[in-house]
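Asker: Following this line is structure_1.csv, made up of CSV, C-alpha atoms and all ligand atoms:
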chain,number,residue,atom,x,y,z
A,1,MET,CA,83.0,-110.0,53.9
A,2,ALA,CA,81.9,-111.7,57.1
A,3,GLU,CA,85.4,-112.3,58.5
A,4,GLN,CA,86.2,-110.3,61.6
A,5,LEU,CA,89.2,-108.0,61.4
A,6,THR,CA,91.2,-106.8,64.4
A,7,ASP,CA,91.2,-103.1,65.3
A,8,ASP,CA,94.8,-102.9,64.2
A,9,VAL,CA,94.0,-104.2,60.7
A,10,LYS,CA,91.0,-101.8,60.5
A,11,ASN,CA,93.3,-98.9,61.4
A,12,ILE,CA,95.6,-99.6,58.5
A,13,LEU,CA,92.9,-100.0,56.0
A,14,GLY,CA,91.5,-96.6,56.9
A,15,LEU,CA,94.8,-94.8,56.4
A,16,GLN,CA,96.4,-95.9,53.2
A,17,LEU,CA,95.9,-95.6,49.5
A,18,PRO,CA,94.6,-99.0,48.5
A,19,THR,CA,96.8,-101.2,46.4
A,20,ASP,CA,95.8,-101.5,42.7
A,21,PRO,CA,93.4,-104.5,42.5
A,22,ARG,CA,95.4,-105.8,39.6
A,23,TRP,CA,98.4,-106.4,41.8
A,24,VAL,CA,97.0,-109.6,43.4
A,25,ASN,CA,96.4,-111.2,40.0
A,26,LEU,CA,99.9,-110.4,38.9
A,27,ALA,CA,101.3,-111.7,42.2
A,28,GLU,CA,99.3,-115.0,41.8
A,29,MET,CA,101.1,-115.6,38.5
A,30,GLN,CA,104.5,-115.0,40.1
A,31,LEU,CA,104.0,-116.6,43.5
A,32,GLU,CA,107.5,-118.0,43.6
A,33,ASP,CA,109.0,-114.6,43.2
A,34,ILE,CA,106.6,-113.2,45.8
A,35,LEU,CA,107.7,-115.8,48.3
A,36,THR,CA,111.4,-115.0,47.8
A,37,ASP,CA,110.7,-111.3,48.0
A,38,HIS,CA,108.6,-111.9,51.1
A,39,ALA,CA,111.3,-113.9,52.8
A,40,TYR,CA,113.7,-111.0,52.4
A,41,CYS,CA,111.1,-108.6,53.7
A,42,GLU,CA,111.0,-110.6,56.9
A,43,GLN,CA,114.8,-110.9,57.1
A,44,LYS,CA,115.1,-107.1,56.7
A,45,ALA,CA,112.4,-106.5,59.4
A,46,ALA,CA,114.4,-108.8,61.8
A,47,THR,CA,117.8,-107.2,60.9
A,48,THR,CA,116.4,-103.6,61.2
A,49,CYS,CA,114.9,-104.3,64.6
A,50,ILE,CA,118.3,-105.5,65.9
A,51,THR,CA,119.9,-102.3,64.5
A,52,LEU,CA,117.2,-100.2,66.1
A,53,ILE,CA,117.9,-101.8,69.5
A,54,THR,CA,121.6,-101.2,69.2
A,55,LYS,CA,121.1,-97.6,68.0
A,56,ASN,CA,118.6,-96.8,70.8
A,57,SER,CA,120.0,-98.9,73.6
A,58,GLU,CA,119.3,-96.1,76.1
A,59,LYS,CA,115.6,-96.3,75.4
A,60,GLU,CA,114.4,-99.1,77.6
A,61,ARG,CA,111.0,-99.5,76.0
A,62,VAL,CA,112.5,-99.8,72.5
A,63,VAL,CA,114.9,-102.6,73.8
A,64,GLU,CA,112.1,-104.4,75.6
A,65,GLU,CA,109.5,-104.2,72.9
A,66,LEU,CA,111.6,-104.8,69.8
A,67,SER,CA,113.5,-107.8,71.2
A,68,PRO,CA,110.5,-110.1,70.8
A,69,ILE,CA,109.7,-108.6,67.4
A,70,VAL,CA,113.2,-109.8,66.2
A,71,THR,CA,112.2,-113.3,67.1
A,72,GLU,CA,108.8,-113.0,65.5
A,73,GLU,CA,110.1,-111.6,62.3
A,74,TRP,CA,112.7,-114.3,62.1
A,75,GLY,CA,110.0,-116.8,62.7
A,76,HIS,CA,108.2,-115.3,59.7
A,77,PHE,CA,111.3,-115.7,57.6
A,78,ARG,CA,111.5,-119.3,58.6
A,79,MET,CA,107.8,-119.8,57.7
A,80,VAL,CA,108.3,-118.4,54.2
A,81,LEU,CA,111.5,-120.4,53.8
A,82,ALA,CA,109.6,-123.6,54.7
A,83,GLU,CA,107.0,-122.7,52.1
A,84,LEU,CA,109.7,-122.3,49.5
A,85,ASN,CA,111.3,-125.6,50.5
A,86,LYS,CA,108.0,-127.4,50.3
A,87,ARG,CA,107.8,-126.3,46.7
A,88,GLY,CA,111.3,-127.5,46.0
A,89,LEU,CA,112.5,-123.9,45.6
A,90,LYS,CA,115.6,-122.2,47.0
A,91,LEU,CA,115.7,-118.8,48.7
A,92,GLY,CA,117.7,-117.3,45.9
A,93,ARG,CA,119.1,-113.8,45.8
A,94,GLN,CA,117.7,-110.7,47.2
A,95,ARG,CA,116.3,-108.2,44.7
A,96,LYS,CA,116.8,-104.5,44.8
A,97,ASP,CA,114.1,-103.1,47.1
A,98,ILE,CA,113.0,-100.0,45.2
A,99,TYR,CA,110.1,-99.3,47.6
A,100,VAL,CA,112.2,-99.4,50.8
A,101,ASN,CA,115.1,-97.5,49.1
A,102,LYS,CA,112.7,-94.7,48.1
A,103,LEU,CA,111.4,-94.5,51.6
A,104,ILE,CA,114.9,-94.4,53.1
A,105,ALA,CA,115.6,-91.4,50.8
A,106,PHE,CA,112.8,-89.5,52.7
A,107,GLN,CA,114.4,-90.0,56.1
A,108,LYS,CA,115.9,-86.9,57.7
A,109,ARG,CA,119.7,-87.1,58.0
A,110,ASP,CA,120.4,-83.6,59.2
A,111,GLY,CA,117.9,-83.5,62.1
A,112,GLY,CA,118.6,-83.9,65.9
A,113,PRO,CA,118.4,-87.3,67.7
A,114,ASP,CA,114.7,-87.0,68.3
A,115,GLU,CA,114.0,-86.4,64.6
A,116,ARG,CA,116.1,-89.3,63.6
A,117,PHE,CA,114.4,-91.5,66.1
A,118,LEU,CA,111.0,-90.4,64.9
A,119,ASP,CA,111.8,-91.2,61.3
A,120,GLN,CA,113.3,-94.6,62.3
A,121,MET,CA,109.9,-95.5,63.9
A,122,LEU,CA,107.7,-94.0,61.2
A,123,ILE,CA,109.5,-95.7,58.3
A,124,MET,CA,109.0,-99.0,60.1
A,125,ALA,CA,105.4,-98.3,60.8
A,126,LEU,CA,104.8,-97.5,57.2
A,127,ILE,CA,106.5,-100.6,55.8
A,128,GLU,CA,104.5,-102.7,58.3
A,129,ALA,CA,101.3,-101.0,57.3
A,130,ARG,CA,101.8,-101.4,53.6
A,131,SER,CA,103.0,-105.0,54.1
A,132,CYS,CA,99.8,-105.7,56.1
A,133,GLU,CA,97.7,-104.2,53.4
A,134,ARG,CA,99.4,-106.3,50.7
A,135,PHE,CA,99.0,-109.5,52.8
A,136,LYS,CA,95.3,-108.7,53.2
A,137,ARG,CA,95.0,-108.5,49.4
A,138,LEU,CA,96.7,-111.8,49.1
A,139,SER,CA,94.6,-113.3,51.9
A,140,GLU,CA,91.4,-112.3,50.0
A,141,GLY,CA,92.4,-112.5,46.4
A,142,LEU,CA,94.4,-115.7,45.9
A,143,THR,CA,92.5,-118.6,44.5
A,144,ASP,CA,94.4,-121.2,46.7
A,145,ASP,CA,92.7,-121.6,50.0
A,146,TYR,CA,95.8,-122.7,51.8
A,147,MET,CA,97.8,-119.6,50.6
A,148,ARG,CA,94.9,-117.3,51.5
A,149,LYS,CA,95.2,-118.6,55.1
A,150,PHE,CA,98.9,-118.4,55.0
A,151,TYR,CA,98.8,-114.7,54.2
A,152,ARG,CA,96.0,-114.0,56.7
A,153,ARG,CA,98.4,-114.9,59.5
A,154,PHE,CA,101.0,-112.5,58.3
A,155,MET,CA,98.4,-109.8,57.9
A,156,GLU,CA,97.3,-109.9,61.5
A,157,SER,CA,100.9,-110.0,62.7
A,158,GLU,CA,102.2,-107.0,60.7
A,159,ALA,CA,99.1,-104.9,61.8
A,160,GLY,CA,100.2,-105.3,65.4
A,161,HIS,CA,103.7,-104.2,64.5
A,162,TYR,CA,102.5,-101.0,62.8
A,163,THR,CA,100.7,-100.0,66.0
A,164,LEU,CA,103.8,-100.9,68.1
A,165,PHE,CA,106.1,-98.5,66.2
A,166,ILE,CA,103.6,-95.6,66.3
A,167,ASN,CA,103.2,-96.2,70.1
A,168,LEU,CA,106.9,-96.2,70.6
A,169,ALA,CA,107.3,-92.9,68.8
A,170,GLU,CA,104.4,-91.4,70.9
A,171,HIS,CA,105.9,-92.7,74.1
A,172,TYR,CA,109.2,-90.8,73.6
A,173,LEU,CA,108.0,-87.7,71.7
A,174,ASP,CA,105.2,-85.2,71.6
A,175,LYS,CA,102.1,-86.8,70.0
A,176,LYS,CA,101.5,-83.7,67.9
A,177,VAL,CA,105.0,-83.8,66.4
A,178,VAL,CA,104.5,-87.6,65.7
A,179,ARG,CA,101.2,-87.0,63.9
A,180,LYS,CA,102.5,-84.1,61.8
A,181,ARG,CA,105.5,-86.1,60.6
A,182,TRP,CA,103.3,-89.2,60.1
A,183,ALA,CA,101.1,-87.2,57.8
A,184,GLU,CA,104.2,-86.2,55.8
A,185,TRP,CA,105.3,-89.8,55.5
A,186,ARG,CA,101.9,-91.0,54.4
A,187,ALA,CA,101.7,-88.3,51.7
A,188,TYR,CA,105.1,-89.2,50.5
A,189,GLU,CA,104.2,-92.9,50.3
A,190,VAL,CA,101.0,-92.2,48.4
A,191,ASP,CA,103.0,-90.3,45.8
A,192,LEU,CA,105.5,-93.2,45.7
A,193,MET,CA,102.7,-95.7,45.2
A,194,LYS,CA,101.2,-93.7,42.4
A,195,THR,CA,104.4,-93.4,40.5
A,196,GLU,CA,105.7,-96.9,41.0
A,197,GLU,CA,105.0,-99.5,38.4
A,198,ILE,CA,102.8,-102.4,39.6
A,199,ARG,CA,104.9,-105.5,39.8
A,200,GLY,CA,103.7,-109.0,40.6
A,201,ASP,CA,107.1,-110.2,41.7
A,202,ARG,CA,107.4,-107.9,44.8
A,203,ILE,CA,105.5,-107.5,48.0
A,204,HIS,CA,105.8,-103.7,47.5
A,301,FE,FE,106.9,-110.1,59.6
A,302,FE,FE,106.5,-106.9,61.0
Can you dump the structure from the file as structure tokens?
Ligand SMILES: [Fe+2]
Ligand SMILES: [Fe+2]
Answerer:
Amino acid sequence: MAEQLTDDVKNILGLQLPTDPRWVNLAEMQLEDILTDHAYCEQKAATTCITLITKNSEKERVVEELSPIVTEEWGHFRMVLAELNKRGLKLGRQRKDIYVNKLIAFQKRDGGPDERFLDQMLIMALIEARSCERFKRLSEGLTDDYMRKFYRRFMESEAGHYTLFINLAEHYLDKKVVRKRWAEWRAYEVDLMKTEEIRGDRIH
């Protein structure tokens, strides 16, 4: 493929278990469901960033760097909503997010504030990374040229977010500690991906 990928995107592609290639074909057949699920992914990203700001209000860099992300994610939500409207579709109800719920189950609840902060950053990094990877699959695998371009923009944007969350963790905590826990998160997510059924109506 001749297209240039940013370093952020390249980072992600080197570190994750690739999505089953059949997923994009399933997604293409259920694009309306994908759009609804995608809209809620963006809504949750915006909402979670607001929560992270309020939970970590003493961490200046978190406040400064996540504030514009809230706006960006909400902008993404609006872009997906506009795409639904264009097709005469309504937002509809949110579905149960099995992937995110299983990730939340891995977060440490009994640790100290540093451990909790670390997991808050890493779960976000992981969701951004996997979303970016899925958007890349859509940007390459969909037959509609317009939709391929639509998803390419999301791919670039979420790759930058992945890096941002890792950098925030490394700013406040020992890099070795961050890397060790990141390896645990990645291993957990790989197991999750292997055991989860492939569904064409979900981003993850
Ligand atoms: Fe987003
Ligand atoms: Fe994002």
Asker: Counting only C-alpha atoms, which of A:Phe165, A:Tyr40, A:Trp23, A:Tyr172 gets nearest to Val100 in chain A?
Answerer: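 Answer, going by the shortest atom-to-atom distance: A:Tyr40.
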Asker: What is the CA of Val178 in chain A-CA of Met121 in chain A distance in Å, reported with one decimal?
Answerer: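 Between these atoms lies a distance of 9.7 Å.
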Asker: Work out where the centre of an axis-aligned box around every listed atom of range 30-35 of chain A lies and how long its edges are once 8 Å is added on each side; give both in Å to one decimal as AutoDock Vina command-line options.
Answerer:
--center_x 106.5 --center_y -115.6 --center_z 44.2 --size_x 21.0 --size_y 20.8 --size_z 24.2
Asker: Rounded to one decimal, what separation in Å do you get between CA of Ile50 in chain A and CA of Thr71 in chain A?
Answerer: 10.0 Å
Asker: Could the residues that lie within 7 Å of ligand FE 302 (chain A), counting only C-alpha atoms and all ligand atoms, be listed as a CSV table (one decimal) with C-alpha atoms, in the coordinates of the input?
Answerer:
chain,number,residue,atom,x,y,z
A,45,ALA,CA,112.4,-106.5,59.4
A,73,GLU,CA,110.1,-111.6,62.3
A,128,GLU,CA,104.5,-102.7,58.3
A,157,SER,CA,100.9,-110.0,62.7
A,158,GLU,CA,102.2,-107.0,60.7
A,161,HIS,CA,103.7,-104.2,64.5
Asker: What gap, in Å, lies between CA of Arg137 in chain A and CA of Arg153 in chain A?
Answerer: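 These two atoms are separated by 12.4 Å.
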Asker: For chain A against ligand FE 301 (chain A), with a cut-off of 9 Å and counting all atoms listed in the file, what is the closest atom pair and its distance in Å to one decimal for every residue that makes the cut, ordered by chain and number, as a tab-separated table?
Answerer:
residue	atom	partner	partner_atom	distance
A:His38	CA	A:FE301	FE	8.9
A:Ala39	CA	A:FE301	FE	8.9
A:Cys41	CA	A:FE301	FE	7.4
A:Glu42	CA	A:FE301	FE	4.9
A:Gln43	CA	A:FE301	FE	8.3
A:Ala45	CA	A:FE301	FE	6.6
A:Ala46	CA	A:FE301	FE	7.9
A:Ile69	CA	A:FE301	FE	8.4
A:Glu72	CA	A:FE301	FE	6.8
A:Glu73	CA	A:FE301	FE	4.4
A:Trp74	CA	A:FE301	FE	7.6
A:Gly75	CA	A:FE301	FE	8.0
A:His76	CA	A:FE301	FE	5.4
A:Phe77	CA	A:FE301	FE	7.4
A:Glu128	CA	A:FE301	FE	7.9
A:Ser131	CA	A:FE301	FE	8.5
A:Phe154	CA	A:FE301	FE	6.5
A:Met155	CA	A:FE301	FE	8.7
A:Ser157	CA	A:FE301	FE	6.8
A:Glu158	CA	A:FE301	FE	5.7
A:His161	CA	A:FE301	FE	8.3
Asker: Find the residue from A:Arg181, A:Arg22, A:Lys90, A:Arg61 that sits nearest to Leu164 in chain A; use all atoms listed in the file when measuring.
Answerer: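 Going through A:Arg181, A:Arg22, A:Lys90, A:Arg61 one by one, the smallest distance to Leu164 in chain A is for A:Arg61.
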Asker: Pick out the closest residue to Arg87 in chain A from this set: A:Thr51, A:Gly111, A:Thr36, A:Ala27. Count all atoms listed in the file.
Answerer: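 Smallest distance to Arg87 in chain A is found for A:Thr36.
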Asker: Applying 9 Å and all atoms listed in the file, which residues near Asp119 in chain A remain after dropping the ones on its own chain fewer than 5 positions away? List them as a list in words.
Answerer: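 In the requested format, the answer is Phe106, Gln107, Lys108, Asp114, Met124, Ala169, Arg181, Trp182 and Trp185 of chain A.
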Asker: Could you tell me which of A:Glu83, A:His204, A:Phe117, A:Ile198 comes closest to Lys59 in chain A if we count all atoms listed in the file?
Answerer: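 The answer is A:Phe117, which sits nearest to Lys59 in chain A.
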Asker: Between A:Leu84, A:Leu168, A:Leu138, A:Val190, which is the closest to Pro21 in chain A once you count only C-alpha atoms?
Answerer: A:Leu138
Asker: What's the 10 Å shell around range 29-31 of chain A, counting all atoms listed in the file, without same-chain residues fewer than 2 positions away, as a list in words?
Answerer: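 Contacts, with the query itself left out: Val24, Asn25, Leu26, Ala27, Asp33, Ile34, Leu35, Thr36, Asp37, Leu142, Met147, Arg199, Gly200, Asp201 and Arg202 of chain A.
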Asker: May I have the residues from that selection written out with C-alpha atoms, as a tab-separated table (two decimals), in the frame of the given file?
Answerer:
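out.tsv was written with the following content:
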chain	number	residue	atom	x	y	z
A	24	VAL	CA	97.00	-109.60	43.40
A	25	ASN	CA	96.40	-111.20	40.00
A	26	LEU	CA	99.90	-110.40	38.90
A	27	ALA	CA	101.30	-111.70	42.20
A	33	ASP	CA	109.00	-114.60	43.20
A	34	ILE	CA	106.60	-113.20	45.80
A	35	LEU	CA	107.70	-115.80	48.30
A	36	THR	CA	111.40	-115.00	47.80
A	37	ASP	CA	110.70	-111.30	48.00
A	142	LEU	CA	94.40	-115.70	45.90
A	147	MET	CA	97.80	-119.60	50.60
A	199	ARG	CA	104.90	-105.50	39.80
A	200	GLY	CA	103.70	-109.00	40.60
A	201	ASP	CA	107.10	-110.20	41.70
A	202	ARG	CA	107.40	-107.90	44.80
Asker: From the list A:Ala82, A:Ile104, A:Glu28, A:Lys44, which residue is nearest Tyr188 in chain A when using all atoms listed in the file?
Answerer: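 Closest candidate: A:Ile104.
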Asker: Select range 77-107 of chain A in the preceding structure and write C-alpha atoms to a file as a PDB file, in the first residue's frame.
Answerer:
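After the write, selection_6.pdb holds the following:
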ATOM      1  CA  PHE A  77     -19.703  12.139  17.610  1.00  0.00           C
ATOM      2  CA  ARG A  78     -21.282  14.905  15.552  1.00  0.00           C
ATOM      3  CA  MET A  79     -19.579  13.710  12.381  1.00  0.00           C
ATOM      4  CA  VAL A  80     -20.995  10.222  12.831  1.00  0.00           C
ATOM      5  CA  LEU A  81     -24.401  11.630  13.734  1.00  0.00           C
ATOM      6  CA  ALA A  82     -24.373  13.707  10.518  1.00  0.00           C
ATOM      7  CA  GLU A  83     -23.556  10.545   8.570  1.00  0.00           C
ATOM      8  CA  LEU A  84     -26.512   8.741  10.166  1.00  0.00           C
ATOM      9  CA  ASN A  85     -28.810  11.691   9.406  1.00  0.00           C
ATOM     10  CA  LYS A  86     -27.645  11.777   5.801  1.00  0.00           C
ATOM     11  CA  ARG A  87     -28.833   8.198   5.463  1.00  0.00           C
ATOM     12  CA  GLY A  88     -32.175   9.008   7.086  1.00  0.00           C
ATOM     13  CA  LEU A  89     -31.217   7.056  10.209  1.00  0.00           C
ATOM     14  CA  LYS A  90     -31.639   7.931  13.853  1.00  0.00           C
ATOM     15  CA  LEU A  91     -29.019   7.538  16.535  1.00  0.00           C
ATOM     16  CA  GLY A  92     -30.976   4.770  18.228  1.00  0.00           C
ATOM     17  CA  ARG A  93     -30.168   3.163  21.524  1.00  0.00           C
ATOM     18  CA  GLN A  94     -26.785   2.312  22.860  1.00  0.00           C
ATOM     19  CA  ARG A  95     -25.860  -1.365  22.860  1.00  0.00           C
ATOM     20  CA  LYS A  96     -24.116  -3.173  25.633  1.00  0.00           C
ATOM     21  CA  ASP A  97     -20.392  -2.595  25.168  1.00  0.00           C
ATOM     22  CA  ILE A  98     -19.016  -6.051  25.944  1.00  0.00           C
ATOM     23  CA  TYR A  99     -15.460  -5.178  24.935  1.00  0.00           C
ATOM     24  CA  VAL A 100     -15.213  -2.094  27.165  1.00  0.00           C
ATOM     25  CA  ASN A 101     -16.994  -3.834  30.052  1.00  0.00           C
ATOM     26  CA  LYS A 102     -14.465  -6.664  29.948  1.00  0.00           C
ATOM     27  CA  LEU A 103     -11.618  -4.166  29.944  1.00  0.00           C
ATOM     28  CA  ILE A 104     -13.112  -2.321  32.914  1.00  0.00           C
ATOM     29  CA  ALA A 105     -13.130  -5.632  34.800  1.00  0.00           C
ATOM     30  CA  PHE A 106      -9.320  -5.711  34.510  1.00  0.00           C
ATOM     31  CA  GLN A 107      -8.863  -2.290  36.145  1.00  0.00           C
TER      32      GLN A 107
END
